[in-house]
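These notes are about the structure you will find just below.
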Amino acid sequence: MIIADEKLGFKVTVELLNQFTEREIEKIKNAVSFLVKTYTSNKFLMYVLNYKYVVTKYRWEGLRKVYWKEVFYGFWESEGQTQLEIYNNILSGREELSPELDNEADIFLKVDRTYNAGSLAYTYKSNKTIYIYEYTLKNKTSNFIAGTLLHEYCHKVGYGHNSGKRKRHTVPYAIGDGLRKF
Ligand SMILES: [Zn+2]
């Protein structure tokens with residue numbers, strides 16, 4: 001089964017690779033529609049272009065710790081790309097494993113019905129499949145699931161993240177978490 005939605009020439013298709021319940025399919029449909037509508041909105045483009053975050057730094061002056069704040073513009077570890085390049089790169093539908101430019105985000109989705117151990121979804125660099133936990137589909141809203149799918153899709157386009165302190169400001173987190181707030 002394939003679920004698809006399109007707006008302003010940006011298309012997202014989700015191909016379901018194993019058995020999903022009707023309720024789960026309904027949630028994914030709503031998630032895809034929210035994802036497409038929100039990603040192509042001017043507000044979301046502005047969110048990406050104006051992304052910034054504050055980091056508190058310190059140095060020692062004798063026995064005293066002196067703190068100050070620094071503002072960083074753009075996503076953390078974004079491979080030297082501008083915010084607009086990142087936005088357009090995701091819009092282009094050019095996945096690492098199928099690099100033709102088709103303005104279509106192809107999501108190959110499998111539900112994982114095992115215990116999720118705190119994780120929402122995952123993917124591997126070596127194949128196209130995105131795995132989403134049954135837990136996530138059951139307990140999260142469609143808007144939240146849209147953010148999760150977009151986070152995993154960012155990996156498919158080539159953006160990664162480590163588990164360091166600033167991971168929330170990397171492309172997959174800032175884009176995926178950001179989408180949920182709209
Ligand atoms: Zn991730």
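By convention in this document, the chains of the structure tokens carry letters A, B, ... by their order, each chain's residues are numbered from 1, and ligands are numbered from 1 in the order they are shown.
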
Show me, as JSON lines, the residues of chain A having an atom within 9 Å of ligand 1, each with the closest atom pair and its distance in Å, using only C-alpha atoms and all ligand atoms.
{"residue": "A:Ala121", "atom": "CA", "partner": "ligand 1", "partner_atom_place_in_ligand_line": "1 (Zn)", "distance": 8.2}
{"residue": "A:Tyr122", "atom": "CA", "partner": "ligand 1", "partner_atom_place_in_ligand_line": "1 (Zn)", "distance": 6.8}
{"residue": "A:Thr123", "atom": "CA", "partner": "ligand 1", "partner_atom_place_in_ligand_line": "1 (Zn)", "distance": 8.0}
{"residue": "A:Thr148", "atom": "CA", "partner": "ligand 1", "partner_atom_place_in_ligand_line": "1 (Zn)", "distance": 8.9}
{"residue": "A:His151", "atom": "CA", "partner": "ligand 1", "partner_atom_place_in_ligand_line": "1 (Zn)", "distance": 6.2}
{"residue": "A:Glu152", "atom": "CA", "partner": "ligand 1", "partner_atom_place_in_ligand_line": "1 (Zn)", "distance": 5.9}
{"residue": "A:Cys154", "atom": "CA", "partner": "ligand 1", "partner_atom_place_in_ligand_line": "1 (Zn)", "distance": 8.2}
{"residue": "A:His155", "atom": "CA", "partner": "ligand 1", "partner_atom_place_in_ligand_line": "1 (Zn)", "distance": 6.7}
{"residue": "A:Tyr159", "atom": "CA", "partner": "ligand 1", "partner_atom_place_in_ligand_line": "1 (Zn)", "distance": 8.8}
{"residue": "A:Gly160", "atom": "CA", "partner": "ligand 1", "partner_atom_place_in_ligand_line": "1 (Zn)", "distance": 6.6}
{"residue": "A:His161", "atom": "CA", "partner": "ligand 1", "partner_atom_place_in_ligand_line": "1 (Zn)", "distance": 6.4}
{"residue": "A:Asn162", "atom": "CA", "partner": "ligand 1", "partner_atom_place_in_ligand_line": "1 (Zn)", "distance": 8.3}
{"residue": "A:Pro172", "atom": "CA", "partner": "ligand 1", "partner_atom_place_in_ligand_line": "1 (Zn)", "distance": 6.2}
{"residue": "A:Tyr173", "atom": "CA", "partner": "ligand 1", "partner_atom_place_in_ligand_line": "1 (Zn)", "distance": 7.2}

Keeping N, CA and C atoms, export the residues of the selection given above as a PDB file, in the first residue's frame.
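Saved as again07.pdb:
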ATOM      1  N   ALA A 121      11.871   5.383  16.247  1.00  0.00           N
ATOM      2  CA  ALA A 121      12.039   4.843  14.905  1.00  0.00           C
ATOM      3  C   ALA A 121      13.535   4.744  14.635  1.00  0.00           C
ATOM      4  N   TYR A 122      13.910   4.037  13.577  1.00  0.00           N
ATOM      5  CA  TYR A 122      15.337   3.928  13.241  1.00  0.00           C
ATOM      6  C   TYR A 122      15.491   3.564  11.779  1.00  0.00           C
ATOM      7  N   THR A 123      16.722   3.703  11.299  1.00  0.00           N
ATOM      8  CA  THR A 123      16.998   3.334   9.921  1.00  0.00           C
ATOM      9  C   THR A 123      18.467   2.969   9.791  1.00  0.00           C
ATOM     10  N   THR A 148       8.718  12.496  13.258  1.00  0.00           N
ATOM     11  CA  THR A 148       9.560  11.301  13.353  1.00  0.00           C
ATOM     12  C   THR A 148       9.934  10.799  11.951  1.00  0.00           C
ATOM     13  N   HIS A 151      12.447  13.193  10.464  1.00  0.00           N
ATOM     14  CA  HIS A 151      13.767  12.973  11.076  1.00  0.00           C
ATOM     15  C   HIS A 151      14.475  11.808  10.375  1.00  0.00           C
ATOM     16  N   GLU A 152      13.783  10.685  10.252  1.00  0.00           N
ATOM     17  CA  GLU A 152      14.397   9.509   9.620  1.00  0.00           C
ATOM     18  C   GLU A 152      14.686   9.777   8.145  1.00  0.00           C
ATOM     19  N   CYS A 154      15.534  12.601   6.853  1.00  0.00           N
ATOM     20  CA  CYS A 154      16.765  13.411   6.797  1.00  0.00           C
ATOM     21  C   CYS A 154      17.992  12.498   6.755  1.00  0.00           C
ATOM     22  N   HIS A 155      17.943  11.386   7.466  1.00  0.00           N
ATOM     23  CA  HIS A 155      19.053  10.416   7.400  1.00  0.00           C
ATOM     24  C   HIS A 155      19.174   9.870   5.990  1.00  0.00           C
ATOM     25  N   TYR A 159      21.859  13.357   6.157  1.00  0.00           N
ATOM     26  CA  TYR A 159      22.185  14.106   7.378  1.00  0.00           C
ATOM     27  C   TYR A 159      22.187  13.185   8.591  1.00  0.00           C
ATOM     28  N   GLY A 160      23.240  13.283   9.370  1.00  0.00           N
ATOM     29  CA  GLY A 160      23.351  12.432  10.546  1.00  0.00           C
ATOM     30  C   GLY A 160      23.381  13.254  11.821  1.00  0.00           C
ATOM     31  N   HIS A 161      23.623  12.590  12.899  1.00  0.00           N
ATOM     32  CA  HIS A 161      23.819  13.268  14.186  1.00  0.00           C
ATOM     33  C   HIS A 161      24.492  12.300  15.132  1.00  0.00           C
ATOM     34  N   ASN A 162      25.246  12.857  16.072  1.00  0.00           N
ATOM     35  CA  ASN A 162      25.789  11.996  17.127  1.00  0.00           C
ATOM     36  C   ASN A 162      24.866  12.127  18.327  1.00  0.00           C
ATOM     37  N   PRO A 172      18.541  16.501  11.386  1.00  0.00           N
ATOM     38  CA  PRO A 172      17.382  15.618  11.625  1.00  0.00           C
ATOM     39  C   PRO A 172      16.540  16.043  12.830  1.00  0.00           C
ATOM     40  N   TYR A 173      17.199  16.456  13.910  1.00  0.00           N
ATOM     41  CA  TYR A 173      16.441  16.844  15.112  1.00  0.00           C
ATOM     42  C   TYR A 173      15.765  18.198  14.947  1.00  0.00           C
TER      43      TYR A 173
END

A:Ala117 surroundings by only C-alpha atoms, 12 Å radius, close-in-sequence under 2 positions cut, as a PDB file with C-alpha atoms, in the first residue's frame:
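Wrote selection.pdb, looks like this:
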ATOM      1  CA  ASP A 112       8.519  -2.941  14.279  1.00  0.00           C
ATOM      2  CA  ARG A 113       6.289  -4.600  16.888  1.00  0.00           C
ATOM      3  CA  THR A 114       9.081  -5.406  19.350  1.00  0.00           C
ATOM      4  CA  TYR A 115       9.807  -3.446  22.543  1.00  0.00           C
ATOM      5  CA  SER A 119      13.369   4.799  20.705  1.00  0.00           C
ATOM      6  CA  LEU A 120      10.683   6.006  18.241  1.00  0.00           C
ATOM      7  CA  ALA A 121      12.039   4.843  14.905  1.00  0.00           C
ATOM      8  CA  TYR A 122      15.337   3.928  13.241  1.00  0.00           C
ATOM      9  CA  TYR A 133       7.874   1.163  16.424  1.00  0.00           C
ATOM     10  CA  GLU A 134       4.315   0.041  17.065  1.00  0.00           C
ATOM     11  CA  TYR A 135       4.643   2.018  20.304  1.00  0.00           C
ATOM     12  CA  THR A 136       5.132   5.267  18.339  1.00  0.00           C
TER      13      THR A 136
END

Quick one: DSSP strand (DSSP E or B) residues in stretch 8-179 of chain A, as a count of residues only?
48

Neighbouring residues of A:Leu137 were defined as those with any atom within 10 Å, considering only C-alpha atoms; residues of the same chain fewer than 6 positions away were excluded. Please report them as a count of residues only.
11

Selection: 7 Å around stretch 46-62 of chain A, only C-alpha atoms, excl. self and same-chain fewer than 4 positions, as a VMD selection string:
chain A and resid 42 66 to 75 83 to 84

Output file for the residues above (C-alpha atoms, as a compact mmCIF listing (two decimals), in the first residue's frame):
# COMPACT_ATOMS: atom_id res chain seq x y z
CA ASN A 42 6.28 29.84 4.40
CA VAL A 66 32.95 33.08 34.25
CA TYR A 67 29.93 32.29 32.06
CA TRP A 68 28.76 33.89 28.87
CA LYS A 69 26.25 33.09 26.16
CA GLU A 70 26.97 32.69 22.48
CA VAL A 71 24.35 32.61 19.74
CA PHE A 72 24.90 30.15 16.89
CA TYR A 73 23.09 30.60 13.58
CA GLY A 74 22.10 27.57 11.52
CA PHE A 75 22.06 23.87 12.30
CA GLN A 83 20.06 26.79 5.63
CA LEU A 84 18.42 27.29 2.22

Could you tell me how far atom CA of A:His169 sits from atom CA of A:Trp76, in Å to one decimal place?
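About the pair atom CA of A:Trp76 and atom CA of A:His169: they are 5.3 Å apart.
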
Distance atom CA of A:Ser41-atom CA of A:Leu8, one decimal place?
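A separation of 9.4 Å between them.
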
Top pick for closest residue to A:Arg166, considering A:Ser33, A:Glu77, A:Phe108, A:Asn18 and counting only C-alpha atoms:
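Of A:Ser33, A:Glu77, A:Phe108, A:Asn18, the one nearest A:Arg166 is A:Glu77, counting only C-alpha atoms.
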
8 Å contact set for A:Met1, only C-alpha atoms, chain neighbours under 4 positions out, as a PyMOL selection string
chain A and resi 15-17

Just write the chosen residues, N, CA and C atoms, as a PDB file, in the first residue's frame.
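Done, and the output landed in again_39.pdb:
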ATOM      1  N   GLU A  15       5.526   3.943   1.304  1.00  0.00           N
ATOM      2  CA  GLU A  15       5.177   2.585   0.896  1.00  0.00           C
ATOM      3  C   GLU A  15       5.245   1.687   2.132  1.00  0.00           C
ATOM      4  N   LEU A  16       4.128   1.066   2.448  1.00  0.00           N
ATOM      5  CA  LEU A  16       4.082   0.218   3.644  1.00  0.00           C
ATOM      6  C   LEU A  16       4.587  -1.182   3.285  1.00  0.00           C
ATOM      7  N   LEU A  17       5.649  -1.590   3.943  1.00  0.00           N
ATOM      8  CA  LEU A  17       6.325  -2.830   3.534  1.00  0.00           C
ATOM      9  C   LEU A  17       5.874  -4.063   4.317  1.00  0.00           C
TER      10      LEU A  17
END

Please provide as a JSON list (two decimals) with N, CA and C atoms, in the first residue's frame all residues within 7 Å of A:Val32, with the sequence filter that same-chain residues fewer than 3 positions apart are discarded (counting only C-alpha atoms).
[["chain", "number", "residue", "atom", "x", "y", "z"],
["A", 5, "ASP", "N", 0.92, 12.30, -0.66],
["A", 5, "ASP", "CA", 0.33, 13.63, -0.58],
["A", 5, "ASP", "C", 1.26, 14.59, -1.31],
["A", 12, "VAL", "N", 5.30, 13.48, -1.03],
["A", 12, "VAL", "CA", 5.80, 12.48, -0.09],
["A", 12, "VAL", "C", 5.01, 11.20, -0.33],
["A", 28, "ILE", "N", -0.87, 7.40, 9.71],
["A", 28, "ILE", "CA", 0.21, 7.69, 8.76],
["A", 28, "ILE", "C", -0.30, 8.62, 7.66],
["A", 29, "LYS", "N", -1.53, 8.39, 7.19],
["A", 29, "LYS", "CA", -2.13, 9.28, 6.19],
["A", 29, "LYS", "C", -2.16, 10.72, 6.70],
["A", 35, "LEU", "N", 2.84, 16.63, 7.16],
["A", 35, "LEU", "CA", 4.25, 16.83, 6.78],
["A", 35, "LEU", "C", 4.36, 17.69, 5.52],
["A", 36, "VAL", "N", 3.59, 17.33, 4.49],
["A", 36, "VAL", "CA", 3.67, 18.03, 3.21],
["A", 36, "VAL", "C", 3.19, 19.48, 3.36],
["A", 146, "ALA", "N", 4.67, 12.65, 12.03],
["A", 146, "ALA", "CA", 5.20, 13.36, 10.87],
["A", 146, "ALA", "C", 6.63, 13.81, 11.13]]

In Å, how far is it from atom CA of A:Ala174 to atom CA of A:Lys110?
23.8 Å

DSSP on the backbone: what in chain A comes out alpha helix (DSSP H), as a PyMOL selection string?
chain A and resi 22-39+42-49+83-91+134-139+142-157+171-180

Please determine, counting only C-alpha atoms, which residue among A:Lys156, A:Lys125, A:Lys43, A:Lys138 has the shortest atom-to-atom distance to A:Asn89.
A:Lys156
